[in-house]
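Below: final.pdb (PDB, C-alpha atoms and all ligand atoms)
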```pdb
ATOM      1  CA  MET A 155      -9.530 -10.406 -18.264
ATOM      2  CA  THR A 156     -13.117 -11.729 -18.380
ATOM      3  CA  ASN A 157     -15.971 -10.048 -16.569
ATOM      4  CA  PRO A 158     -17.681 -12.919 -14.651
ATOM      5  CA  ILE A 159     -21.103 -11.280 -14.992
ATOM      6  CA  THR A 160     -21.156 -10.315 -18.673
ATOM      7  CA  ASN A 161     -18.504 -12.814 -19.821
ATOM      8  CA  GLU A 162     -17.065 -10.018 -21.949
ATOM      9  CA  THR A 163     -13.344  -9.498 -22.096
ATOM     10  CA  HIS A 164     -11.996  -6.063 -21.202
ATOM     11  CA  PRO A 165      -8.574  -4.847 -20.204
ATOM     12  CA  PRO A 166      -8.647  -3.592 -16.607
ATOM     13  CA  MET A 167      -9.180   0.148 -16.121
ATOM     14  CA  LEU A 168      -6.973   0.079 -13.034
ATOM     15  CA  GLN A 169      -4.190  -2.411 -12.486
ATOM     16  CA  VAL A 170      -2.320  -2.421  -9.180
ATOM     17  CA  SER A 171       0.770  -4.645  -9.057
ATOM     18  CA  ASN A 172       2.802  -5.464  -5.944
ATOM     19  CA  LEU A 173       2.067  -2.120  -4.279
ATOM     20  CA  THR A 174       4.075  -1.541  -1.089
ATOM     21  CA  LYS A 175       4.199   1.385   1.332
ATOM     22  CA  THR A 176       6.132   1.581   4.583
ATOM     23  CA  PHE A 177       5.936   4.243   7.310
ATOM     24  CA  ALA A 178       8.864   4.282   9.723
ATOM     25  CA  GLY A 179       9.173   0.503   9.864
ATOM     26  CA  VAL A 180       5.415  -0.224   9.637
ATOM     27  CA  THR A 181       4.461  -1.854   6.330
ATOM     28  CA  ALA A 182       1.040  -0.307   5.782
ATOM     29  CA  VAL A 183       0.608  -1.837   2.301
ATOM     30  CA  ASP A 184       2.443  -5.067   1.633
ATOM     31  CA  ASP A 185       2.766  -6.377  -1.940
ATOM     32  CA  VAL A 186      -0.884  -5.738  -2.866
ATOM     33  CA  SER A 187      -2.122  -6.500  -6.405
ATOM     34  CA  PHE A 188      -5.635  -6.191  -7.839
ATOM     35  CA  ASP A 189      -7.565  -4.979 -10.902
ATOM     36  CA  VAL A 190     -10.667  -2.900 -11.467
ATOM     37  CA  LEU A 191     -12.594  -3.596 -14.662
ATOM     38  CA  PRO A 192     -14.357  -0.776 -16.514
ATOM     39  CA  GLY A 193     -17.996  -0.397 -15.487
ATOM     40  CA  SER A 194     -17.571  -2.353 -12.244
ATOM     41  CA  ILE A 195     -17.974  -1.449  -8.576
ATOM     42  CA  VAL A 196     -15.128  -2.986  -6.592
ATOM     43  CA  GLY A 197     -15.195  -3.014  -2.794
ATOM     44  CA  LEU A 198     -12.102  -2.728  -0.609
ATOM     45  CA  ILE A 199     -12.676  -3.901   2.950
ATOM     46  CA  GLY A 200     -10.571  -4.806   5.970
ATOM     47  CA  PRO A 201     -10.206  -4.031   9.662
ATOM     48  CA  ASN A 202      -9.123  -0.607  10.913
ATOM     49  CA  GLY A 203      -5.477  -0.042  10.055
ATOM     50  CA  SER A 204      -5.385  -2.771   7.390
ATOM     51  CA  GLY A 205      -4.046  -0.334   4.767
ATOM     52  CA  LYS A 206      -7.159   0.587   2.749
ATOM     53  CA  SER A 207      -6.682   4.372   2.800
ATOM     54  CA  THR A 208      -2.930   4.076   2.314
ATOM     55  CA  THR A 209      -3.552   1.885  -0.739
ATOM     56  CA  ILE A 210      -5.742   4.514  -2.349
ATOM     57  CA  ASP A 211      -3.390   7.301  -1.243
ATOM     58  CA  CYS A 212      -0.723   5.488  -3.278
ATOM     59  CA  LEU A 213      -3.072   5.061  -6.251
ATOM     60  CA  THR A 214      -4.194   8.670  -6.309
ATOM     61  CA  GLY A 215      -0.831  10.364  -5.791
ATOM     62  CA  PHE A 216      -1.353  11.418  -2.160
ATOM     63  CA  ALA A 217       1.392   9.031  -1.026
ATOM     64  CA  ARG A 218       4.433   7.791  -2.910
ATOM     65  CA  PRO A 219       4.596   3.979  -3.011
ATOM     66  CA  ASP A 220       7.892   2.373  -2.003
ATOM     67  CA  GLY A 221       7.356  -0.404  -4.522
ATOM     68  CA  GLY A 222       4.954  -1.682  -7.139
ATOM     69  CA  ARG A 223       3.196  -0.274 -10.179
ATOM     70  CA  VAL A 224      -0.119   1.360 -10.934
ATOM     71  CA  SER A 225      -1.588   1.389 -14.443
ATOM     72  CA  PHE A 226      -4.675   3.342 -15.366
ATOM     73  CA  ASP A 227      -6.365   3.033 -18.750
ATOM     74  CA  GLY A 228      -3.341   1.181 -20.067
ATOM     75  CA  ARG A 229      -0.780   3.803 -19.004
ATOM     76  CA  GLU A 230       1.663   3.450 -16.153
ATOM     77  CA  VAL A 231       0.811   6.249 -13.687
ATOM     78  CA  THR A 232       2.945   5.230 -10.688
ATOM     79  CA  GLY A 233       4.081   8.354  -8.833
ATOM     80  CA  TRP A 234       1.851  10.761 -10.782
ATOM     81  CA  ARG A 235       0.603  13.770  -8.833
ATOM     82  CA  PRO A 236      -3.073  13.928  -7.753
ATOM     83  CA  GLU A 237      -3.937  16.702 -10.215
ATOM     84  CA  GLN A 238      -2.336  14.781 -13.120
ATOM     85  CA  LEU A 239      -4.381  11.719 -12.189
ATOM     86  CA  ALA A 240      -7.566  13.765 -11.793
ATOM     87  CA  ALA A 241      -6.994  15.312 -15.223
ATOM     88  CA  GLY A 242      -6.529  11.755 -16.534
ATOM     89  CA  GLY A 243      -9.865  10.698 -15.005
ATOM     90  CA  MET A 244      -9.060   9.186 -11.576
ATOM     91  CA  VAL A 245     -10.585  11.043  -8.593
ATOM     92  CA  ARG A 246     -11.219  10.214  -4.931
ATOM     93  CA  THR A 247     -12.945  11.351  -1.770
ATOM     94  CA  PHE A 248     -11.300  11.409   1.652
ATOM     95  CA  GLN A 249     -12.298   9.675   4.861
ATOM     96  CA  ASN A 250     -12.392  13.137   6.481
ATOM     97  CA  VAL A 251     -14.238  15.413   4.063
ATOM     98  CA  ARG A 252     -12.069  18.240   2.714
ATOM     99  CA  ILE A 253     -14.048  21.348   1.806
ATOM    100  CA  TYR A 254     -13.427  25.087   1.996
ATOM    101  CA  GLU A 255     -15.919  26.168   4.655
ATOM    102  CA  GLY A 256     -15.855  29.877   3.784
ATOM    103  CA  MET A 257     -16.596  29.283   0.090
ATOM    104  CA  SER A 258     -20.014  28.604  -1.373
ATOM    105  CA  VAL A 259     -20.935  24.995  -2.058
ATOM    106  CA  THR A 260     -20.854  25.664  -5.825
ATOM    107  CA  ASP A 261     -17.429  27.318  -5.606
ATOM    108  CA  ASN A 262     -16.107  24.231  -3.829
ATOM    109  CA  LEU A 263     -17.081  22.157  -6.860
ATOM    110  CA  VAL A 264     -15.686  24.719  -9.301
ATOM    111  CA  VAL A 265     -12.350  24.834  -7.455
ATOM    112  CA  ALA A 266     -12.211  21.021  -7.436
ATOM    113  CA  ALA A 267     -12.597  21.055 -11.228
ATOM    114  CA  ARG A 268     -10.204  23.912 -12.034
ATOM    115  CA  SER A 269      -7.179  21.666 -11.745
ATOM    116  CA  LEU A 270      -8.590  19.576 -14.605
ATOM    117  CA  ARG A 271      -7.955  22.335 -17.096
ATOM    118  CA  ARG A 272      -5.272  24.901 -16.396
ATOM    119  CA  PHE A 273      -5.146  28.392 -17.861
ATOM    120  CA  THR A 274      -2.088  30.606 -17.814
ATOM    121  CA  TRP A 275      -1.864  33.423 -15.286
ATOM    122  CA  VAL A 276      -2.257  35.965 -18.120
ATOM    123  CA  GLU A 277      -5.392  34.258 -19.455
ATOM    124  CA  GLN A 278      -6.921  34.346 -15.985
ATOM    125  CA  VAL A 279      -5.991  37.939 -15.134
ATOM    126  CA  LEU A 280      -7.271  39.210 -18.492
ATOM    127  CA  LYS A 281     -10.391  37.062 -18.110
ATOM    128  CA  LEU A 282     -10.223  36.111 -21.779
ATOM    129  CA  PRO A 283     -13.564  34.978 -23.261
ATOM    130  CA  HIS A 284     -12.688  31.274 -23.335
ATOM    131  CA  VAL A 285     -11.728  31.449 -19.627
ATOM    132  CA  THR A 286     -15.002  33.157 -18.695
ATOM    133  CA  GLN A 287     -16.961  30.661 -20.762
ATOM    134  CA  HIS A 288     -15.169  27.745 -19.110
ATOM    135  CA  GLU A 289     -16.019  29.140 -15.639
ATOM    136  CA  ALA A 290     -19.690  29.470 -16.640
ATOM    137  CA  GLU A 291     -19.688  25.875 -17.885
ATOM    138  CA  LEU A 292     -18.134  24.697 -14.625
ATOM    139  CA  ARG A 293     -20.824  26.491 -12.591
ATOM    140  CA  ASN A 294     -23.578  24.884 -14.687
ATOM    141  CA  GLU A 295     -21.973  21.504 -14.319
ATOM    142  CA  ALA A 296     -21.620  22.027 -10.542
ATOM    143  CA  LEU A 297     -25.327  22.909 -10.262
ATOM    144  CA  SER A 298     -26.351  19.789 -12.150
ATOM    145  CA  HIS A 299     -24.255  17.567  -9.836
ATOM    146  CA  LEU A 300     -25.584  19.314  -6.713
ATOM    147  CA  SER A 301     -29.053  18.676  -8.029
ATOM    148  CA  LEU A 302     -28.230  15.009  -8.678
ATOM    149  CA  VAL A 303     -27.014  14.481  -5.096
ATOM    150  CA  GLY A 304     -30.022  16.440  -3.769
ATOM    151  CA  ILE A 305     -28.450  19.530  -2.186
ATOM    152  CA  GLU A 306     -29.009  22.124  -4.897
ATOM    153  CA  LYS A 307     -30.805  24.442  -2.466
ATOM    154  CA  TYR A 308     -27.476  24.967  -0.691
ATOM    155  CA  ALA A 309     -25.651  25.896  -3.918
ATOM    156  CA  ASP A 310     -24.972  29.494  -2.819
ATOM    157  CA  ALA A 311     -24.637  28.797   0.914
ATOM    158  CA  PRO A 312     -21.210  28.780   2.583
ATOM    159  CA  ALA A 313     -20.105  25.154   2.754
ATOM    160  CA  GLY A 314     -19.338  25.648   6.479
ATOM    161  CA  ILE A 315     -23.056  25.592   7.369
ATOM    162  CA  LEU A 316     -23.588  22.085   5.975
ATOM    163  CA  SER A 317     -24.130  19.064   8.207
ATOM    164  CA  TYR A 318     -21.657  16.190   8.122
ATOM    165  CA  GLY A 319     -23.893  14.091   5.862
ATOM    166  CA  GLN A 320     -24.421  17.017   3.485
ATOM    167  CA  ARG A 321     -20.636  17.522   3.317
ATOM    168  CA  LYS A 322     -20.277  13.891   2.270
ATOM    169  CA  LEU A 323     -22.751  14.580  -0.542
ATOM    170  CA  VAL A 324     -20.747  17.661  -1.586
ATOM    171  CA  ALA A 325     -17.605  15.497  -1.657
ATOM    172  CA  PHE A 326     -19.463  13.033  -3.880
ATOM    173  CA  ALA A 327     -20.645  15.838  -6.185
ATOM    174  CA  MET A 328     -17.060  17.218  -6.366
ATOM    175  CA  CYS A 329     -15.892  13.865  -7.675
ATOM    176  CA  LEU A 330     -18.371  14.016 -10.530
ATOM    177  CA  MET A 331     -16.901  17.237 -11.952
ATOM    178  CA  GLY A 332     -15.261  16.620 -15.305
ATOM    179  CA  ARG A 333     -16.861  13.184 -15.715
ATOM    180  CA  PRO A 334     -14.038  11.040 -14.314
ATOM    181  CA  ARG A 335     -13.397   7.497 -15.525
ATOM    182  CA  LEU A 336     -12.819   6.090 -12.026
ATOM    183  CA  ILE A 337     -14.243   7.374  -8.724
ATOM    184  CA  ILE A 338     -12.624   6.124  -5.519
ATOM    185  CA  LEU A 339     -14.711   6.653  -2.378
ATOM    186  CA  ASP A 340     -13.105   6.344   1.070
ATOM    187  CA  GLU A 341     -15.866   5.482   3.565
ATOM    188  CA  PRO A 342     -18.683   7.526   1.981
ATOM    189  CA  LEU A 343     -21.191   6.274   4.575
ATOM    190  CA  ALA A 344     -19.200   6.824   7.772
ATOM    191  CA  GLY A 345     -21.174   8.991  10.186
ATOM    192  CA  VAL A 346     -24.142   9.618   7.898
ATOM    193  CA  ASN A 347     -27.818   8.882   8.599
ATOM    194  CA  PRO A 348     -29.956   6.247   6.839
ATOM    195  CA  THR A 349     -31.521   8.819   4.481
ATOM    196  CA  VAL A 350     -28.111   9.848   3.146
ATOM    197  CA  ILE A 351     -27.035   6.194   2.980
ATOM    198  CA  ARG A 352     -30.086   5.524   0.778
ATOM    199  CA  ARG A 353     -29.246   8.511  -1.394
ATOM    200  CA  ILE A 354     -25.633   7.411  -1.870
ATOM    201  CA  SER A 355     -26.868   3.902  -2.627
ATOM    202  CA  GLU A 356     -29.190   5.254  -5.345
ATOM    203  CA  LEU A 357     -26.428   7.440  -6.753
ATOM    204  CA  LEU A 358     -24.105   4.460  -7.080
ATOM    205  CA  ASP A 359     -26.820   2.451  -8.844
ATOM    206  CA  THR A 360     -27.741   5.293 -11.208
ATOM    207  CA  LEU A 361     -24.183   6.222 -12.135
ATOM    208  CA  ASN A 362     -23.014   2.618 -12.431
ATOM    209  CA  ALA A 363     -25.949   1.862 -14.747
ATOM    210  CA  GLN A 364     -24.540   4.658 -16.947
ATOM    211  CA  GLY A 365     -21.163   2.883 -16.954
ATOM    212  CA  GLN A 366     -19.392   4.717 -14.118
ATOM    213  CA  THR A 367     -16.621   2.693 -12.461
ATOM    214  CA  PHE A 368     -16.115   2.848  -8.675
ATOM    215  CA  LEU A 369     -13.597   1.605  -6.136
ATOM    216  CA  LEU A 370     -15.361   1.723  -2.790
ATOM    217  CA  ILE A 371     -13.880   1.499   0.706
ATOM    218  CA  GLU A 372     -16.568   0.937   3.337
ATOM    219  CA  HIS A 373     -17.010  -0.640   6.748
ATOM    220  CA  ASN A 374     -20.732  -1.073   6.020
ATOM    221  CA  VAL A 375     -20.420  -4.669   4.835
ATOM    222  CA  ASP A 376     -24.064  -5.020   3.784
ATOM    223  CA  PHE A 377     -23.650  -2.010   1.513
ATOM    224  CA  ILE A 378     -20.451  -3.442   0.012
ATOM    225  CA  MET A 379     -22.044  -6.834  -0.557
ATOM    226  CA  ARG A 380     -25.116  -5.260  -2.182
ATOM    227  CA  HIS A 381     -23.253  -2.987  -4.600
ATOM    228  CA  CYS A 382     -19.949  -4.613  -5.468
ATOM    229  CA  GLY A 383     -19.310  -7.219  -8.150
ATOM    230  CA  LYS A 384     -15.931  -7.965  -6.583
ATOM    231  CA  VAL A 385     -14.689  -7.499  -3.023
ATOM    232  CA  ILE A 386     -11.015  -7.218  -2.073
ATOM    233  CA  VAL A 387     -10.084  -7.939   1.538
ATOM    234  CA  LEU A 388      -6.984  -6.478   3.184
ATOM    235  CA  GLU A 389      -5.552  -7.645   6.480
ATOM    236  CA  GLN A 390      -2.477  -6.042   8.035
ATOM    237  CA  GLY A 391      -1.495  -4.502   4.733
ATOM    238  CA  ARG A 392      -1.713  -7.744   2.757
ATOM    239  CA  LEU A 393      -4.358  -8.910   0.327
ATOM    240  CA  LEU A 394      -6.152 -11.651   2.256
ATOM    241  CA  THR A 395      -8.472 -12.641  -0.600
ATOM    242  CA  GLU A 396     -10.681 -11.271  -3.343
ATOM    243  CA  GLY A 397     -13.822 -12.520  -5.042
ATOM    244  CA  PRO A 398     -17.551 -12.112  -5.554
ATOM    245  CA  PRO A 399     -19.572 -11.003  -2.481
ATOM    246  CA  ASP A 400     -21.157 -14.425  -1.870
ATOM    247  CA  VAL A 401     -17.772 -16.102  -1.709
ATOM    248  CA  ILE A 402     -16.237 -13.390   0.482
ATOM    249  CA  ARG A 403     -19.205 -13.393   2.880
ATOM    250  CA  ASN A 404     -18.679 -17.094   3.580
ATOM    251  CA  ASP A 405     -14.877 -17.210   3.592
ATOM    252  CA  PRO A 406     -13.835 -18.321   7.108
ATOM    253  CA  ARG A 407     -10.612 -16.266   6.897
ATOM    254  CA  VAL A 408     -12.625 -13.130   6.170
ATOM    255  CA  LEU A 409     -15.088 -13.893   8.941
ATOM    256  CA  GLU A 410     -12.176 -14.325  11.319
ATOM    257  CA  ALA A 411     -10.215 -11.275  10.166
ATOM    258  CA  TYR A 412     -12.954  -8.826   9.540
ATOM    259  CA  LEU A 413     -16.605  -9.753   9.652
ATOM    260  CA  GLY A 414     -16.368 -11.101  13.210
ATOM    261  CA  ASN A 415     -14.672  -7.871  14.108
ATOM    262  CA  TYR A 416     -17.465  -6.005  12.294
ATOM    263  CA  ALA A 417     -20.153  -7.903  14.209
ATOM    264  CA  GLU A 418     -18.528  -6.870  17.492
ATOM    265  CA  TYR A 419     -18.329  -3.289  16.255
ATOM    266  CA  ALA A 420     -22.017  -3.349  15.202
ATOM    267  CA  GLU A 421     -22.969  -4.701  18.630
ATOM    268  CA  GLU A 422     -21.029  -1.931  20.339
ATOM    269  CA  GLU A 423     -22.645   0.675  18.082
ATOM    270  CA  ALA A 424     -26.083  -0.721  18.916
ATOM    271  CA  LEU A 425     -25.339  -0.320  22.632
ATOM    272  CA  HIS A 426     -24.512   3.341  22.075
ATOM    273  CA  VAL A 427     -27.693   4.228  20.148
TER     274      VAL A 427
HETATM  275  N1  LIG B 501       1.119   9.067   7.551
HETATM  276  C1  LIG B 501       1.327   7.959   8.269
HETATM  277  N2  LIG B 501       2.407   7.843   9.073
HETATM  278  C2  LIG B 501       2.630   6.714   9.779
HETATM  279  N3  LIG B 501       1.819   5.630   9.752
HETATM  280  C3  LIG B 501       0.727   5.700   8.978
HETATM  281  C4  LIG B 501       0.413   6.856   8.200
HETATM  282  N4  LIG B 501      -0.728   6.613   7.510
HETATM  283  C5  LIG B 501      -1.115   5.375   7.861
HETATM  284  N5  LIG B 501      -0.246   4.833   8.727
HETATM  285  C6  LIG B 501      -0.327   3.475   9.310
HETATM  286  O1  LIG B 501      -0.545   2.576   8.255
HETATM  287  C7  LIG B 501      -1.466   1.553   8.644
HETATM  288  C8  LIG B 501      -2.636   1.526   7.677
HETATM  289  O2  LIG B 501      -3.412   2.697   7.860
HETATM  290  P1  LIG B 501      -4.638   3.051   6.919
HETATM  291  O3  LIG B 501      -5.101   4.416   7.305
HETATM  292  O4  LIG B 501      -4.259   2.829   5.518
HETATM  293  O5  LIG B 501      -5.704   1.952   7.356
HETATM  294  P2  LIG B 501      -7.243   1.801   6.961
HETATM  295  O6  LIG B 501      -7.428   0.394   6.513
HETATM  296  O7  LIG B 501      -7.646   2.886   6.032
HETATM  297  O8  LIG B 501      -7.962   1.974   8.381
HETATM  298  P3  LIG B 501      -9.389   2.625   8.766
HETATM  299  O9  LIG B 501     -10.431   1.564   8.482
HETATM  300  O10 LIG B 501      -9.257   2.865  10.236
HETATM  301  O11 LIG B 501      -9.573   3.872   7.989
HETATM  302  C9  LIG B 501      -1.838   1.841  10.081
HETATM  303  O12 LIG B 501      -1.004   1.075  10.921
HETATM  304  C10 LIG B 501      -1.533   3.314  10.229
HETATM  305  O13 LIG B 501      -1.205   3.638  11.548
HETATM  306 MG    MG B 502      -8.979   4.460   6.154
END
```

Render the structure in this file as structure tokens.
Amino acid sequence: MTNPITNETHPPMLQVSNLTKTFAGVTAVDDVSFDVLPGSIVGLIGPNGSGKSTTIDCLTGFARPDGGRVSFDGREVTGWRPEQLAAGGMVRTFQNVRIYEGMSVTDNLVVAARSLRRFTWVEQVLKLPHVTQHEAELRNEALSHLSLVGIEKYADAPAGILSYGQRKLVAFAMCLMGRPRLIILDEPLAGVNPTVIRRISELLDTLNAQGQTFLLIEHNVDFIMRHCGKVIVLEQGRLLTEGPPDVIRNDPRVLEAYLGNYAEYAEEEALHV
């Protein structure tokens, strides 16, 4: 497959083929296929209920697809469990941030990373030197990611005291643990203020410039259009179209299915400010 920007040919990092998921008669994801090239930022957009989160639940092992295949880095990973996929380099955030409120912010990151390398029960109980060293490395890594996202001063605070926007940044930092190959973000901007939006925008730019690959679900269309090389549009579980932002922005079917809907939503939001 050829990257339209660099003209280089790379095999896709993620290849989704004919993915299907049904819930009690509702087909949430209907025969969806798409690719994500290494080093790209791919956007996944669509109206509420169009199947975006269910698609990534199926990719990341949080839901079992009823049909279709998922390949990651050339290996078929359909049906793999989330921790297997995370250990293989595919991680995600959730629309509703999942953190342990009673634990420190750093411990939340350390716990997120523990599943990447498992020690036996005996190794852990005896606190063997390589286990202790690994824990120390995880803490250092966690601190560097907290610093990158700009919340290092809360490293030792209980995560429960953080604001919603700060929790989103913790979720972002959690994803960075273990240097994943692919980061999937489910609505990273929802409910956060413009300062945090700017920070997340800068983080995407910085990490992508270092080669990090992202699959990004967002209702903030301007953000998607600014950051993504390719945009995939879902409508009622089906892939409506995909292409570069300029093409998607002007596609009448997309305007009808989603962007018109978004404009109404934005108007409503403006009335509530
Ligand atoms: N666990 C579930 N049980 C039953 N139906 C579900 C479940 N999860 C999702 N659905 C249904 O699947 C469809 C797609 O939902 P999904 O959450 O994937 O949409 P979405 O595009 O992420 O929407 P949003 O933009 O609101 O987050 C919806 O009709 C939803 O009601
Ligand atoms: Mg969703």

Would you write out, as JSON lines, a table of all residues in chain A that have an atom no more than 10 Å from an atom of ligand MG 502 (chain B), listing for each the closest atom pair and the distance in Å to one decimal, considering all atoms listed in the file and ordering rows by chain and rising residue number?
```
{"residue": "A:Ile199", "atom": "CA", "partner": "B:MG502", "partner_atom": "MG", "distance": 9.7}
{"residue": "A:Gly200", "atom": "CA", "partner": "B:MG502", "partner_atom": "MG", "distance": 9.4}
{"residue": "A:Pro201", "atom": "CA", "partner": "B:MG502", "partner_atom": "MG", "distance": 9.3}
{"residue": "A:Asn202", "atom": "CA", "partner": "B:MG502", "partner_atom": "MG", "distance": 7.0}
{"residue": "A:Gly203", "atom": "CA", "partner": "B:MG502", "partner_atom": "MG", "distance": 6.9}
{"residue": "A:Ser204", "atom": "CA", "partner": "B:MG502", "partner_atom": "MG", "distance": 8.2}
{"residue": "A:Gly205", "atom": "CA", "partner": "B:MG502", "partner_atom": "MG", "distance": 7.0}
{"residue": "A:Lys206", "atom": "CA", "partner": "B:MG502", "partner_atom": "MG", "distance": 5.5}
{"residue": "A:Ser207", "atom": "CA", "partner": "B:MG502", "partner_atom": "MG", "distance": 4.1}
{"residue": "A:Thr208", "atom": "CA", "partner": "B:MG502", "partner_atom": "MG", "distance": 7.2}
{"residue": "A:Thr209", "atom": "CA", "partner": "B:MG502", "partner_atom": "MG", "distance": 9.1}
{"residue": "A:Ile210", "atom": "CA", "partner": "B:MG502", "partner_atom": "MG", "distance": 9.1}
{"residue": "A:Asp211", "atom": "CA", "partner": "B:MG502", "partner_atom": "MG", "distance": 9.7}
{"residue": "A:Phe248", "atom": "CA", "partner": "B:MG502", "partner_atom": "MG", "distance": 8.6}
{"residue": "A:Gln249", "atom": "CA", "partner": "B:MG502", "partner_atom": "MG", "distance": 6.3}
{"residue": "A:Asn250", "atom": "CA", "partner": "B:MG502", "partner_atom": "MG", "distance": 9.3}
{"residue": "A:Asp340", "atom": "CA", "partner": "B:MG502", "partner_atom": "MG", "distance": 6.8}
{"residue": "A:Glu341", "atom": "CA", "partner": "B:MG502", "partner_atom": "MG", "distance": 7.4}
{"residue": "A:Ile371", "atom": "CA", "partner": "B:MG502", "partner_atom": "MG", "distance": 7.9}
{"residue": "A:Glu372", "atom": "CA", "partner": "B:MG502", "partner_atom": "MG", "distance": 8.8}
{"residue": "A:His373", "atom": "CA", "partner": "B:MG502", "partner_atom": "MG", "distance": 9.5}
```

For this session: Given the file shown, determine the residues that the PyMOL selection byres (((chain A and resi 382) around 6) and not hetatm) selects; report them as a list in words.
Result: Ile195, Val196, Gly197, Ile378, Met379, His381, Gly383 and Lys384 of chain A

Exercise. Between atom CA of Leu388 of chain A and atom O4 of ligand LIG 501 (chain B), what is the distance, to one decimal in Å?
Worked result: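 We find that atom CA of Leu388 of chain A and atom O4 of ligand LIG 501 (chain B) lie 10.0 Å from each other.
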
Problem set entry | Pairwise distance for atom CA of Ala240 of chain A and atom CA of His299 of chain A, rounded to one decimal in Å | 17.2 Å

Exercise. Which is closest to ligand LIG 501 (chain B) among A:Gly243, A:Pro342, A:Pro406, A:Gly221, if we use all atoms listed in the file?
Worked result: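 Comparing A:Gly243, A:Pro342, A:Pro406, A:Gly221 against ligand LIG 501 (chain B), the winner is A:Pro342.
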
Exercise. Which is closest to ligand LIG 501 (chain B) among A:Phe226, A:Phe368, A:Phe188, A:Phe216, if we use all atoms listed in the file?
Worked result: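 Among the listed residues, A:Phe216 lies closest to ligand LIG 501 (chain B).
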
Exercise. Which distance in Å separates atom CA of Gly365 of chain A and atom CA of Arg218 of chain A, to one decimal?
Worked result: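 Calculated distance between atom CA of Gly365 of chain A and atom CA of Arg218 of chain A is 29.6 Å.
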
For this session: Determine the nearest neighbour of Asn262 of chain A from the options A:Leu191, A:Val186, A:Cys329, A:Val385, counting all atoms listed in the file.
Result: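 Answer, going by the shortest atom-to-atom distance: A:Cys329.
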
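Counting only C-alpha atoms, the residue from A:Thr349, A:Gln320, A:Thr176, A:Thr260 that sits nearest to Asn294 of chain A is A:Thr260.
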
For this session: Pick out the closest residue to Glu306 of chain A from this set: A:Val245, A:Val324, A:Thr232, A:Gln390. Count all atoms listed in the file.
Result: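 Checking each of A:Val245, A:Val324, A:Thr232, A:Gln390 against Glu306 of chain A, counting all atoms listed in the file, the winner is A:Val324.
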
Exercise. Skipping near chain neighbours, those fewer than 4 positions away, what residues fall within 12 Å of Ser298 of chain A using only C-alpha atoms, listed as a list in words?
Worked result: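 After dropping sequence-adjacent residues, the list is Thr260, Leu263, Glu291, Leu292, Arg293, Asn294, Leu302, Val303, Gly304, Ile305, Glu306, Lys307, Ala309, Ala327, Met328, Leu330, Met331 and Gly332 of chain A.
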